[in-house]
Structures are given as C-alpha cells and as structure tokens.
$ cat query_28.cif   # mmCIF, C-alpha atoms
data_entry
#
loop_
_atom_site.label_atom_id
_atom_site.label_comp_id
_atom_site.auth_asym_id
_atom_site.auth_seq_id
_atom_site.Cartn_x
_atom_site.Cartn_y
_atom_site.Cartn_z
CA MET A 285 0.00 0.00 0.00
CA ARG A 286 1.36 3.42 -0.92
CA GLU A 287 1.89 5.76 1.97
CA SER A 288 -0.37 8.75 1.59
CA GLN A 289 1.20 12.21 1.53
CA PRO A 290 -0.36 15.48 2.53
CA LEU A 291 -1.34 17.73 -0.36
CA ALA A 292 1.33 20.30 0.58
CA ALA A 293 4.08 17.74 0.05
CA ARG A 294 2.83 16.89 -3.45
CA VAL A 295 2.53 20.43 -4.82
CA ALA A 296 5.50 21.65 -6.86
CA SER A 297 6.99 24.90 -5.63
CA SER A 298 6.73 26.48 -9.07
CA VAL A 299 2.95 25.97 -9.07
CA ILE A 300 2.53 28.17 -6.00
CA SER A 301 4.52 31.16 -7.28
CA ALA A 302 7.80 31.97 -8.95
CA GLY A 303 9.09 33.24 -5.62
CA ALA A 304 8.40 29.90 -3.95
CA VAL A 305 11.18 28.28 -5.98
CA ALA A 306 13.79 30.50 -4.30
CA SER A 307 12.22 29.83 -0.90
CA PHE A 308 12.29 26.08 -1.53
CA LEU A 309 15.95 26.23 -2.55
CA ALA A 310 16.82 28.32 0.51
CA GLY A 311 15.06 25.77 2.70
CA ARG A 312 17.07 22.92 1.24
CA PHE A 313 20.29 24.71 2.17
CA ALA A 314 19.00 25.92 5.54
CA ALA A 315 19.56 29.52 4.46
CA ASP A 316 17.63 31.86 6.70
CA GLY A 317 18.68 35.25 5.32
CA PRO A 318 16.76 37.37 2.80
CA VAL A 319 15.15 35.47 -0.10
CA ARG A 320 14.26 37.31 -3.28
CA THR A 321 13.12 36.43 -6.79
CA VAL A 322 14.00 38.94 -9.49
CA SER A 323 11.97 39.06 -12.70
CA LEU A 324 13.49 41.53 -15.16
CA SER A 325 13.51 39.47 -18.34
CA CYS A 326 17.03 39.40 -19.84
CA ALA A 327 18.53 41.32 -16.90
CA SER A 328 17.18 38.97 -14.21
CA GLY A 329 20.34 36.96 -13.57
CA ALA A 330 22.61 39.98 -13.26
CA ALA A 331 20.04 41.87 -11.18
CA ALA A 332 19.78 38.89 -8.80
CA ILE A 333 23.55 39.01 -8.32
CA ALA A 334 23.31 42.77 -7.72
CA GLU A 335 20.63 42.16 -5.07
CA ALA A 336 22.87 39.61 -3.36
CA VAL A 337 25.78 42.08 -3.36
CA ARG A 338 23.55 44.67 -1.72
CA ALA A 339 22.40 42.22 0.97
CA LEU A 340 26.00 41.27 1.74
CA ARG A 341 27.08 44.90 1.98
CA LEU A 342 24.21 45.70 4.32
CA GLY A 343 25.15 42.81 6.59
CA GLN A 344 21.87 41.00 5.97
CA CYS A 345 23.81 37.80 5.27
CA ASP A 346 27.43 36.67 5.04
CA ILE A 347 27.06 34.28 2.11
CA ALA A 348 24.60 34.23 -0.79
CA LEU A 349 23.57 31.86 -3.58
CA CYS A 350 22.35 33.82 -6.57
CA GLY A 351 22.01 33.62 -10.32
CA GLY A 352 19.49 32.99 -13.06
CA VAL A 353 17.64 30.24 -14.88
CA GLY A 354 16.55 30.46 -18.51
CA VAL A 355 13.84 28.04 -19.64
CA ASP A 356 12.18 29.94 -22.46
CA VAL A 357 12.18 27.49 -25.35
CA ASP A 358 8.43 27.10 -25.67
CA VAL A 359 5.96 27.85 -28.44
CA MET A 360 4.35 30.95 -26.90
CA THR A 361 7.64 32.61 -25.96
CA LEU A 362 9.20 31.92 -29.35
CA ALA A 363 6.06 33.22 -31.08
CA GLY A 364 6.28 36.41 -29.05
CA PHE A 365 9.94 36.99 -29.83
CA GLY A 366 9.26 36.15 -33.46
CA SER A 367 6.46 38.70 -33.73
CA LEU A 368 8.88 41.34 -32.45
CA GLY A 369 11.36 40.42 -35.16
CA ALA A 370 13.98 39.61 -32.53
CA LEU A 371 14.79 36.01 -33.57
CA SER A 372 17.36 34.99 -36.16
CA HIS A 373 15.71 33.76 -39.35
CA ARG A 374 18.80 31.65 -40.06
CA GLY A 375 18.94 30.21 -36.55
CA ILE A 376 22.51 31.46 -36.12
CA SER A 377 23.77 33.69 -33.32
CA ARG A 378 26.37 36.17 -34.61
CA PRO A 379 26.82 39.00 -32.09
CA PHE A 380 28.33 42.16 -33.64
CA ASP A 381 28.68 40.48 -37.06
CA VAL A 382 27.56 42.39 -40.14
CA ARG A 383 25.32 39.40 -41.07
CA ARG A 384 23.52 39.14 -37.71
CA ASP A 385 19.74 39.02 -37.97
CA GLY A 386 18.51 38.26 -34.46
CA PHE A 387 19.16 36.10 -31.43
CA VAL A 388 18.81 32.38 -30.83
CA VAL A 389 17.05 31.33 -27.61
CA GLY A 390 19.04 28.99 -25.39
CA GLU A 391 18.30 27.32 -22.08
CA GLY A 392 20.49 26.94 -19.03
CA ALA A 393 21.18 27.98 -15.46
CA ALA A 394 24.13 29.77 -13.88
CA MET A 395 24.55 30.17 -10.13
CA VAL A 396 27.16 32.06 -8.11
CA VAL A 397 28.22 31.85 -4.47
CA LEU A 398 29.11 35.26 -3.06
CA ARG A 399 30.63 35.88 0.34
CA ALA A 400 31.22 38.97 2.44
CA ASP A 401 34.80 37.79 2.98
CA VAL A 402 36.50 37.77 -0.43
CA SER A 403 40.07 37.17 0.76
CA ASP A 404 40.34 33.74 -0.86
CA GLY A 405 37.76 34.08 -3.60
CA LEU A 406 38.32 33.86 -7.36
CA CYS A 407 37.31 37.49 -7.84
CA GLN A 408 35.27 40.21 -6.18
CA VAL A 409 32.46 42.53 -7.21
CA LEU A 410 33.85 46.05 -7.42
CA GLY A 411 30.85 47.96 -8.69
CA VAL A 412 27.22 47.64 -9.74
CA GLY A 413 25.12 49.94 -11.91
CA ARG A 414 21.38 49.59 -12.52
CA THR A 415 19.19 51.87 -14.63
CA LEU A 416 15.97 51.95 -16.62
CA ASP A 417 15.66 53.25 -20.18
CA GLY A 418 12.10 54.48 -19.69
CA TYR A 419 11.64 54.27 -23.45
CA ARG A 420 9.59 51.34 -24.77
CA ILE A 421 8.68 47.96 -23.32
CA THR A 422 10.07 46.09 -26.36
CA ALA A 423 12.87 48.35 -27.60
CA PRO A 424 15.96 49.97 -26.07
CA ASP A 425 16.58 53.69 -26.08
CA PRO A 426 18.21 54.31 -29.51
CA ALA A 427 20.65 56.73 -27.88
CA GLY A 428 21.78 54.02 -25.47
CA SER A 429 21.45 56.34 -22.47
CA GLY A 430 20.29 53.61 -20.08
CA ALA A 431 23.11 51.24 -21.03
CA PHE A 432 25.63 54.08 -20.84
CA ARG A 433 24.51 55.15 -17.36
CA ALA A 434 24.51 51.57 -16.03
CA MET A 435 28.12 51.04 -17.11
CA GLN A 436 29.10 54.51 -15.89
CA LEU A 437 27.62 53.87 -12.44
CA ALA A 438 29.31 50.47 -12.14
CA LEU A 439 32.69 51.97 -13.08
CA LEU A 440 32.18 54.91 -10.73
CA GLU A 441 31.46 52.61 -7.80
CA ALA A 442 34.50 50.50 -8.72
CA GLY A 443 36.67 53.62 -8.88
CA LEU A 444 37.78 52.80 -12.43
CA ALA A 445 37.82 54.72 -15.70
CA ARG A 446 37.96 51.56 -17.80
CA VAL A 447 38.22 47.78 -17.60
CA ASP A 448 40.41 45.30 -19.43
CA TYR A 449 37.53 43.20 -20.75
CA VAL A 450 33.78 43.47 -21.39
CA GLN A 451 31.54 40.43 -21.48
CA ALA A 452 28.93 42.17 -23.61
CA HIS A 453 25.19 41.66 -23.64
CA GLY A 454 25.71 41.09 -27.39
CA THR A 455 22.42 39.49 -28.38
CA SER A 456 23.04 39.35 -32.17
CA THR A 457 20.16 41.71 -32.95
CA PRO A 458 21.05 44.57 -35.33
CA LEU A 459 19.84 47.39 -33.07
CA ASN A 460 20.93 46.15 -29.63
CA ASP A 461 24.49 45.29 -30.67
CA ARG A 462 24.98 48.65 -32.33
CA ILE A 463 23.60 50.56 -29.34
CA GLU A 464 25.70 48.62 -26.83
CA ALA A 465 28.93 48.98 -28.81
CA ALA A 466 28.39 52.73 -29.09
CA ALA A 467 27.64 53.00 -25.36
CA ILE A 468 30.80 51.06 -24.45
CA GLY A 469 32.80 53.41 -26.68
CA ARG A 470 31.28 56.46 -24.99
CA VAL A 471 31.89 55.20 -21.46
CA MET A 472 35.57 54.45 -22.10
CA ALA A 473 36.22 56.96 -24.87
CA ALA A 474 39.33 58.45 -23.28
CA GLU A 475 41.18 55.14 -23.12
CA ARG A 476 41.97 52.36 -25.55
CA PRO A 477 38.91 50.13 -26.09
CA PRO A 478 38.71 47.06 -23.83
CA LEU A 479 38.64 43.56 -25.26
CA ALA A 480 35.06 42.42 -25.78
CA SER A 481 33.11 39.26 -26.54
CA SER A 482 29.67 37.74 -26.04
CA VAL A 483 28.96 34.21 -24.84
CA LYS A 484 25.63 34.29 -26.68
CA GLY A 485 27.41 33.44 -29.90
CA ALA A 486 28.20 30.01 -28.47
CA LEU A 487 25.25 29.24 -26.18
CA GLY A 488 22.44 31.47 -27.39
CA HIS A 489 20.42 33.88 -25.29
CA TRP A 490 19.43 32.35 -21.95
CA ILE A 491 17.07 35.28 -21.22
CA ALA A 492 16.68 35.25 -17.39
CA GLY A 493 19.88 33.25 -17.02
CA ALA A 494 21.96 35.34 -19.44
CA GLY A 495 23.32 37.88 -16.97
CA ALA A 496 24.51 35.23 -14.53
CA LEU A 497 26.22 33.29 -17.33
CA GLY A 498 27.95 36.47 -18.48
CA PHE A 499 29.03 37.17 -14.91
CA LEU A 500 30.75 33.76 -14.75
CA CYS A 501 32.55 34.48 -18.04
CA ALA A 502 33.80 37.80 -16.64
CA CYS A 503 34.98 36.08 -13.45
CA GLU A 504 36.80 33.43 -15.51
CA ALA A 505 38.62 36.16 -17.41
CA VAL A 506 39.77 37.79 -14.17
CA SER A 507 40.68 34.60 -12.32
CA SER A 508 42.46 32.71 -15.13
CA GLY A 509 43.08 35.26 -17.87
CA THR A 510 41.03 33.20 -20.32
CA ILE A 511 38.86 35.33 -22.57
CA MET A 512 36.45 33.40 -24.72
CA PRO A 513 35.74 34.54 -28.30
CA THR A 514 32.43 35.60 -29.78
CA VAL A 515 31.47 32.46 -31.68
CA GLY A 516 29.93 33.25 -35.06
CA LEU A 517 31.62 36.63 -35.34
CA GLU A 518 33.67 36.67 -38.54
CA LYS A 519 32.97 40.03 -40.16
CA PRO A 520 32.55 42.73 -37.49
CA ASP A 521 29.99 45.41 -38.28
CA GLN A 522 31.72 48.76 -38.73
CA ASP A 523 28.99 50.26 -36.53
CA CYS A 524 30.10 47.97 -33.68
CA ARG A 525 33.63 49.25 -33.13
CA LEU A 526 35.07 47.17 -30.31
CA GLU A 527 38.27 45.19 -29.74
CA HIS A 528 36.50 41.92 -30.57
CA VAL A 529 37.90 38.57 -29.49
CA MET A 530 37.28 36.30 -32.46
CA GLY A 531 38.08 32.79 -33.60
CA ARG A 532 39.47 31.30 -30.39
CA SER A 533 40.04 32.07 -26.75
CA ILE A 534 42.98 34.26 -25.84
CA HIS A 535 44.95 34.53 -22.61
CA GLU A 536 45.67 37.96 -21.20
CA LYS A 537 46.14 39.47 -17.76
CA VAL A 538 42.72 40.80 -16.81
CA GLU A 539 42.61 42.90 -13.66
CA SER A 540 39.04 44.04 -14.13
CA ALA A 541 36.07 43.05 -16.28
CA LEU A 542 32.57 44.34 -16.85
CA VAL A 543 29.48 42.31 -17.69
CA ASN A 544 26.42 43.90 -19.31
CA SER A 545 22.85 42.69 -19.10
CA PHE A 546 20.09 44.69 -20.81
CA ALA A 547 16.45 43.63 -20.90
CA PHE A 548 13.08 43.91 -22.57
CA GLY A 549 11.29 46.58 -20.57
CA GLY A 550 14.42 48.73 -20.49
CA ALA A 551 16.07 47.40 -17.31
CA ASN A 552 19.86 47.53 -17.41
CA CYS A 553 22.46 46.03 -15.11
CA SER A 554 26.25 46.31 -15.36
CA ILE A 555 28.66 44.69 -12.91
CA VAL A 556 32.42 45.22 -12.57
CA VAL A 557 34.53 42.40 -11.15
CA GLY A 558 38.22 42.37 -10.28
CA SER A 559 40.90 40.40 -8.50
CA PRO A 560 40.27 39.79 -4.77
CA GLY A 561 42.24 41.70 -2.15
#

$ encode --input "query_28.cif" --output "structure tokens"
Amino acid sequence: MRESQPLAARVASSVISAGAVASFLAGRFAADGPVRTVSLSCASGAAAIAEAVRALRLGQCDIALCGGVGVDVDVMTLAGFGSLGALSHRGISRPFDVRRDGFVVGEGAAMVVLRADVSDGLCQVLGVGRTLDGYRITAPDPAGSGAFRAMQLALLEAGLARVDYVQAHGTSTPLNDRIEAAAIGRVMAAERPPLASSVKGALGHWIAGAGALGFLCACEAVSSGTIMPTVGLEKPDQDCRLEHVMGRSIHEKVESALVNSFAFGGANCSIVVGSPG
C-alpha cells in the first residue's frame, strides 16, 4: 500500500509562485537570510547578483547563492519573440557580425556563491550599476542612455575609468548590438577600447539566465586570464567598433572586467569584477 502524503508535500513549488522556488531552494540549504526572486527578463540573472551584493554589503547575510535560470524554449515565448522580429531567421547567433539578424534562444542555469569575505575568492564585485531606459517595453533607447549610465555607475562605484575586458550583452540583434557597442565606446572613450566578446554566440540567449552566465565568463577572465571569443563573429559590423575577441580564446592578464545585461522593458544592469584583495 502506498503511503499517503499530505497535499502540501505533493505540490510543486513552481505551481505556487515563482518566488516559492527561491524559498524552496533556501530551505534545502537551511539559508535563513533574505530570499528574493528577481523578474526583469534578460537582466534577471545579473540583477539577482546585484541584489545579493547589496544584501552582503548591508550585513543581511554573510554568504549568498544567486544567479538565473533560462527556460524559455516554448511555443508561446518563441512566437512572441518572433512577432517582435527579434529572432534569427537563419537560426545562427552572430553578435556584432555584419550578417547578424537576431538572437537564438538557449536554455540553461548559472549560479554564483558570493561571500562577504573575499580574501580567498576567485574574484570580487567592485561595482554595480542599474538603470531603466524608460523608453519602450520592447525596444531599447536608440541613444543608449540607459546602457551608458549603467556602465558609468558600475565603473564609478568601482573607482575605475575603464576595464580590461567586457563580457557584452551582445544578443546578435542589429539594433541592440549597435547601441551597446556605441555606449561602451562612450563610457571608455578616453582610453583604448577594452577587449570584448559575447557568450551568446556560443550558447544562445538564456534570457533570465543570461546575466549570470555572463558574470561567470567575466569572473573566468579575471581569475584565469582566459577570454572566450564571440562564436559566429567573422565580419565585425563597422557600426560595432570594439576590440573583438574572435576565432578562439585568448589569454591575457585581466585585472578588471565588466558584464552587461540589458532587458526587454528597459532594465539595465552592469557589474564590474576584479581580482580579490
């Protein structure tokens, strides 16, 4: 005879609310600090990391598990992106390439453990910048003011004028790539351009998980000096003037890196990471 279970034990957390998933995960790890679920479309993962940084700085916790999960490969979501003209008709992700025609949706999760004590960590968060375009729900500000201010605020908090590497939002859409490249150039106009690449060329756009994945790529660059290329980028668009990493990974000393995450709805989040200590 099967042992009966109470209804509460048989109900999936995700059925109750999106926030219940974070609470369930926190319960599994016996984490009793603040629990938050961030829903900002493509900026969700980076914004969740920014929220964790804030909680650590305020002393609300001494360790945090944060990140993002992208599970958007379904008919309704793809139909919505398709109606906006955001998807690649060729099914190829080519950030910053002259032939790019839209993004490719990917799925995945990226999680990060942050601690108040960074003495023996791989890298540390030096600055965070968050802004809102306030333009349109489905299109970025053509002037790139929101992206510019997010990067500017992150650099200001980090006390830096530039970084060695940018893990770009780089979605492979004609408008977004051009706006981001121009904004990066404006923010660091007085110095030589930083190296730049986008992981979306290799793994597609994870939507809510994208910012957390980009954060891990930036941390890898700082901790090991490995900078991944933008897969699919062969002929850089002249309107996307950056120091692109193409073809294969390179190894350089990276003391600081910036990750960008810009979303439908106009939410922007930029994070600067650097060596610990």

$ closest_residue --input "query_28.cif" --among "A:Ala393, A:Ala466, A:Val402, A:Leu459" --to "A:Arg525" --atoms "all atoms listed in the file"
A:Ala466

$ residues_around --input "query_28.cif" --residues "A:Glu527" --least-positions-apart "6" --cutoff "12 Å" --atoms "all atoms listed in the file" --output "list of chain:residue names"
A:Phe380, A:Asp448, A:Tyr449, A:Val450, A:Gln451, A:Ala452, A:Ala465, A:Ile468, A:Gly469, A:Arg476, A:Pro477, A:Pro478, A:Leu479, A:Ala480, A:Ser481, A:Ser482, A:Pro513, A:Thr514, A:Pro520, A:Asp521

$ closest_residue --input "query_28.cif" --among "A:Ala492, A:Cys326, A:Val538, A:Cys553" --to "A:Gly354" --atoms "all atoms listed in the file"
A:Ala492

$ closest_residue --input "query_28.cif" --among "A:Gly550, A:Ser545, A:Val319, A:Gly531" --to "A:Lys519" --atoms "only C-alpha atoms"
A:Gly531

$ resolve_selection --input "query_28.cif" --expression "the PyMOL selection byres ((chain A and resi 427-441) around 10)" --output "VMD selection string"
chain A and resid 409 to 419 424 to 426 442 to 447 460 462 to 472 542 to 546 550 to 557

$ closest_residue --input "query_28.cif" --among "A:Val359, A:Val382, A:Ile491, A:Ala486" --to "A:Ser325" --atoms "all atoms listed in the file"
A:Ile491

$ residues_near_point --input "query_28.cif" --point "(16.2, 39.4, -5.5)" --cutoff "12 Å" --atoms "only C-alpha atoms" --output "PyMOL selection string"
chain A and resi 302-303+306-307+317-324+327-339+348-352

$ atom_distance --input "query_28.cif" --atom1 "atom CA of A:Lys537" --atom2 "atom CA of A:Ser508"
8.1 Å

$ closest_residue --input "query_28.cif" --among "A:Gly375, A:Pro458, A:Gly488, A:Asp404" --to "A:Gly392" --atoms "all atoms listed in the file"
A:Gly488

$ resolve_selection --input "query_28.cif" --expression "the PyMOL selection byres ((chain A and resi 532) around 12)" --output "number ranges by chain"
A: 481, 486, 510-518, 528-531, 533-535

$ atom_distance --input "query_28.cif" --atom1 "atom CA of A:Ala541" --atom2 "atom CA of A:Ile347"
22.3 Å

$ atom_distance --input "query_28.cif" --atom1 "atom CA of A:Phe499" --atom2 "atom CA of A:Ala400"
17.6 Å

$ resolve_selection --input "query_28.cif" --expression "the PyMOL selection byres ((chain A and resi 378) around 6)" --output "ChimeraX atom specification"
/A:377,379,381,384,456,485,516-517

$ closest_residue --input "query_28.cif" --among "A:Ala304, A:Leu309, A:Gly369, A:Arg399" --to "A:Gly343" --atoms "all atoms listed in the file"
A:Arg399

$ axis_aligned_box --input "query_28.cif" --around "stretch 444-452 of chain A" --padding-each-side "4 Å" --output "JSON"
{"center_x": 34.7, "center_y": 47.6, "center_z": -18.0, "size_x": 19.5, "size_y": 22.3, "size_z": 19.2}
